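Taking it in order: structure first as structure tokens, then the write-up.
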6 protein chains.
Amino acid sequence: MSGIAVRNIERVAQDVIAGLEEAGVATVHEAQGRSGLLGSHIGPIYRGARIAGSAVTISAPPGDNWMLHVAIELLQPGDILVLAPTSPCDDGFFGDLLATSAMARGCRGLVIDAGVRDVRDLKRMGFPVWSKAVSAQGTVKATLGSVNVPIVCANAAIAPGDVIVADDDGVCVVGRLEAADVLCAARARAADEEEKRGLLAAGALSLDVYRLRAGLVALGMVEQ
Amino acid sequence: MSGIAVRNIERVAQDVIAGLEEAGVATVHEAQGRSGLLGSHIGPIYRGARIAGSAVTISAPPGDNWMLHVAIELLQPGDILVLAPTSPCDDGFFGDLLATSAMARGCRGLVIDAGVRDVRDLKRMGFPVWSKAVSAQGTVKATLGSVNVPIVCANAAIAPGDVIVADDDGVCVVGRLEAADVLCAARARAADEEEKRGLLAAGALSLDVYRLRAGLVALGMVEQ
Amino acid sequence: MSGIAVRNIERVAQDVIAGLEEAGVATVHEAQGRSGLLGSHIGPIYRGARIAGSAVTISAPPGDNWMLHVAIELLQPGDILVLAPTSPCDDGFFGDLLATSAMARGCRGLVIDAGVRDVRDLKRMGFPVWSKAVSAQGTVKATLGSVNVPIVCANAAIAPGDVIVADDDGVCVVGRLEAADVLCAARARAADEEEKRGLLAAGALSLDVYRLRAGLVALGMVEQ
Amino acid sequence: MSGIAVRNIERVAQDVIAGLEEAGVATVHEAQGRSGLLGSHIGPIYRGARIAGSAVTISAPPGDNWMLHVAIELLQPGDILVLAPTSPCDDGFFGDLLATSAMARGCRGLVIDAGVRDVRDLKRMGFPVWSKAVSAQGTVKATLGSVNVPIVCANAAIAPGDVIVADDDGVCVVGRLEAADVLCAARARAADEEEKRGLLAAGALSLDVYRLRAGLVALGMVEQ
Amino acid sequence: MSGIAVRNIERVAQDVIAGLEEAGVATVHEAQGRSGLLGSHIGPIYRGARIAGSAVTISAPPGDNWMLHVAIELLQPGDILVLAPTSPCDDGFFGDLLATSAMARGCRGLVIDAGVRDVRDLKRMGFPVWSKAVSAQGTVKATLGSVNVPIVCANAAIAPGDVIVADDDGVCVVGRLEAADVLCAARARAADEEEKRGLLAAGALSLDVYRLRAGLVALGMVEQ
Amino acid sequence: MSGIAVRNIERVAQDVIAGLEEAGVATVHEAQGRSGLLGSHIGPIYRGARIAGSAVTISAPPGDNWMLHVAIELLQPGDILVLAPTSPCDDGFFGDLLATSAMARGCRGLVIDAGVRDVRDLKRMGFPVWSKAVSAQGTVKATLGSVNVPIVCANAAIAPGDVIVADDDGVCVVGRLEAADVLCAARARAADEEEKRGLLAAGALSLDVYRLRAGLVALGMVEQ
């Protein structure tokens, strides 16, 4: 199954992607039925970025970043690189040189269930990364993997062209065919939350705003 | 033991709480005989906050944040929410909406041996959280827990009304009845440290300042 | 093997150390054949510092910081303290008072496979630390260890006088006798990277810049 | 996406399953291109069992085992239950009573990225389990999940009806449609290994048996 | 709070302890409202033992087993030693010599949120231990802790004289004053389980035995 | 530093090795001043073996077992293979075929800070392994490492020809030049322990046998 690079993949329309980016990880995750999150061991190397884009997926052997070079050739502006090692690995697969190249191709960021390095440079360049580790450990270019095949990254199934949303809360994947519907649901949820935020800020109790009291009584909650 | 919410709890006087906040986690921990720390896997979601307040304790099932809603109703200004799941869980029990509500009730912050989300918003709002994880994972409201009962949170026993002190070094709990004495000891320690800091800054060796040389000789330390 | 403090150790020339500091962890690690990294569980308590210096090594029992006091007496300006506990420990061996003393002696920073505290103060003072944990847990002064003996810290062998390089990517050790050669190799690598960075920023593909295409064909990479 | 139970799923022919069971995890994993392994944090609760069967998949909320009860009704003889929690959880979802019921329905075993309990009874009954944890922590029946939908379990994508192979080395999944081909490849590999085992047992060096010397020379290996 | 050894503690009647031992960890945990479990990182060093006894509690500094010696003097036949380090530690606090002494005093076993050694001997001697780690790392006798004071061990609050139940599923604590009531509830639960086990073994579905179908319908479970 | 295989290494005399094997890990560790232990995450794949032998060291890239094949050619009867990956890795570097070959060359066992597979076969063959993980994950033969060079394995420095002692308590390394002295100290310790074991079994208290009471009084231990 390794040794394959798929050049042409389907992508979601840019306005849908932009809408999901605006909604953010938590809202998108809720809007698609509390699914799609990557494991919480994947976090941003610096805080404050929020991105969405089409996944260019990479399956790579541990300690071997050859396929990242292959993937960069296949990037289109707005894409996000997503790398899953074929077995657990913390090595630094990616640094400022690859980021320079990826940015030159219009890449929005990287999600990787492994390590990255040159993190001070990456922050300075404004190239956001969500990773499992920061590690300077160098990698080789000796064994094939694949690009733009379905992968499992940080316990989430991701197909090429799926939408990746990433911010300070982590990373969420949205299936390509569901993206438009999820956006609708996310916008509805955001509007509802906006209304509730106003009530709560004014001092209303969430037990009332969410109508949670009856359930407590039904299950026998006791106040002492 | 679940399904109980206690409305009225005893709290420590505000000036004692303010004094403990000023002393900070490390000094308070030392002042009460090197005890009271929560496990170091509990850290701040952003750096720079230092708070102290009375614990409103929450025991909640994994993946279920219903009891947080119950607890918010019981908050008094200056309180700190402290949540321990009944089994290990990283889910995002708390986000910007609950923070909006808690702040409206005068809550100072949250300590949680689980996850939180909307961390960019929480930082912007100035609502500090010490948590085990950042995770966007949503939770349900289906099973009862309890509020204001004794809990064990991150390997520390906490009773409702105990004083919580939290800063960049982590979280420490001070028993309600010991708080005033601990404050005295903390102030004495801080004064002593201030004096030693001056000596050390001037170049004195800690081996002399703390009179550590005799012990080294007694145990046979050898210089080569 | 414990209970020994070695006063006089050989150090590397300051200009070599300064050169290694400028090169940084990732480049130095690559320049010496992808070796010398400490485990990636050792990270900076705050971002943005980059230091290099001569290692003053410390072997200490768990929960006992006595040897840090001994080591501070042996510091020379520009040195870096490096502490390995004799068994795994997260306690806070070091805080603002010891940092005050170490800075007064010209110490550049601390690398510790254990915990530190007073991290807000340490950042304010500009005393950088790379540690396994942040923990307020206090320590005792009851059992001997050793200073300036060979240690293994975070899975890396370190001798007194070896050069420590540390930045946001982690920590790397360079053998004292190899330091000058490693600096040469690091400078050559940095120059080569600078050239490649220009090509990549201009849109060249790394597959071409690094001549990676022939190898892909040889191993049977397939584009679909 | 939750709240669905699929009654009828396609299964692989029993002789193919039996063949994969005989081959075992390591050989099957190699035969399908070094893929399909679940994370190595999933291990047997007792050693010595080797099973294969059709996956009946379960997606369950943390701390809620309701869907296991739903799944048991859908079991056919020879099936294996495979449970992935919707967020990380170590609770004991399964014990001797559910094992009694599953065995009565012909179930071969359980793979679960969470905890189990009554492990002494499970061993005595001969009901093998591969789990993340042993934990007596009880679970509730309050929130819906799904049965026989595609899941990601321990970082591996599993569809209902896929073949699960499990032994002391861990757990491997084989896609339903690839199972027959994988069996062919596994048998070829096993035959080849049998031949090599004889050579190696007789004292031949693997450098010769696998013809590994030329590559070493080509890359510059030096013997000193 | 350290430096205290309490000689006389209250213990639960032996017949109650014997009943709890027979019930086992999972049943006792359920019978007291799904509470009392120690963290699942505490496991048996060998399988097959099931014990219950009165807790003799120990609070000890990391890497220092002095208080175990103090505790052994305070043992009464049937007691169980329970040790919590004051900060996380994996060292081998206990081995065959201390086990020889403890057995001579009638001790039933050890629960320790740290490491033990000589595990082959401990198994041969039939002295069961539930620990966080197996480690040969030696410890010192240099700093005081306390014996028979309230502790938190593996995230569970334990008072001296509480009943400890331990088996292959882990460890559970039962409050001294609740022990008799918990035993009643445990026996009722065991009887109920025995009845259900018969039904399930005969092929009845747990959906029917536990009357779980109505709830599924109410929440909208769909079969496809 | 990679790409080197050293054929001729110095080894310790067989009778010294046999003596250290008899002493076992805990005693040897104590006899050399509580040093030499590998991290406790390295454990036996099956219980009951105790071995000692000369280390044939291997430094290997993650996911690449080529150097194991090189090392097997350099084995002499009684040797133990010791593998450290150049970065953290859980892959299954070693299985029954390599064990067959190693046994044919007289190898006593394997210590590896990574994974192994075919563990049921390894147990059946009586080839003991101490590893970080059990994993069926296959490895490649693509990148050079080195054999018989100094390594750091599981946080311990090991030189080729050092003595490895391994049993159910873990793994300990003894420097080649210190081995004879350590054996003397180990035998003295074992004799002393034998005497104390008799006293303790007869009911003497370790507080008296080890003369620990005076120290308790000096530090202010209080009995209540």
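Ordered as shown in the structure tokens, chains take letters A, B, and onward, while each chain numbers its residues from 1 and ligands are numbered from 1 in the order shown.
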(request) For segment 159-163 of chain B, please output as a list of chain:residue names all residues within 8 Å (counting only C-alpha atoms; exclusion window: fewer than 2 positions along the same chain). (result)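 These residues fall inside the cut-off: B:Ile9, B:Glu10, B:Arg11, B:Val12, B:Ile17, B:Ala52, B:Gly53, B:Ser54, B:Ala55, B:Val56, B:Thr57, B:Asn148, B:Val149, B:Pro150, B:Ile151, B:Ala157, B:Val165, B:Val173, B:Val174, B:Gly175, B:Arg176, B:Ala179.
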Restrict the calculation to only C-alpha atoms, then for each residue of chain A with any atom at most 9 Å from an atom of chain D give the closest atom pair and their distance in Å to one decimal, rows by chain and rising residue number, as a Markdown table.
```
| residue | atom | partner | partner_atom | distance |
| --- | --- | --- | --- | --- |
| A:Met1 | CA | D:Gly33 | CA | 6.3 |
| A:Ser2 | CA | D:Gly33 | CA | 7.7 |
| A:Gln32 | CA | D:Met1 | CA | 7.8 |
| A:Gly33 | CA | D:Met1 | CA | 6.1 |
| A:Arg34 | CA | D:Thr86 | CA | 8.6 |
| A:Ser35 | CA | D:Thr86 | CA | 7.8 |
| A:Gly39 | CA | D:Ser87 | CA | 8.3 |
| A:Thr86 | CA | D:Ser35 | CA | 7.7 |
| A:Ser87 | CA | D:Gly39 | CA | 8.3 |
| A:Pro88 | CA | D:Gly39 | CA | 8.5 |
| A:Ile151 | CA | D:Ala157 | CA | 8.6 |
| A:Val152 | CA | D:Asn155 | CA | 6.3 |
| A:Cys153 | CA | D:Asn155 | CA | 7.3 |
| A:Ala154 | CA | D:Asn155 | CA | 6.6 |
| A:Asn155 | CA | D:Asn155 | CA | 4.3 |
| A:Ala156 | CA | D:Val152 | CA | 6.5 |
| A:Ala157 | CA | D:Ala157 | CA | 6.7 |
```
(message) Among segment 18-164 of chain D, which ones does DSSP assign to strand (DSSP E) (computed from the backbone)? Answer as a ChimeraX atom specification.
(response) /D:43-44,51-60,79-85,109-116,129-134,146-147,151-153,156-158,163-164
(message) Could you list, as a PyMOL selection string, every residue within 12 Å of Tyr46 of chain A, counting only C-alpha atoms and ignoring same-chain residues fewer than 2 positions away?
(response) (chain A and resi 43-44+48-50+119-131+134+167-170) or (chain B and resi 46+120) or (chain C and resi 46-48+168)
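For Gly19 of chain B, the set of protein, DNA and RNA residues having any atom at most 7 Å away, when counting only C-alpha atoms and skipping those fewer than 4 positions along the same chain, is B:Asp15, B:Ala23, B:Leu183.
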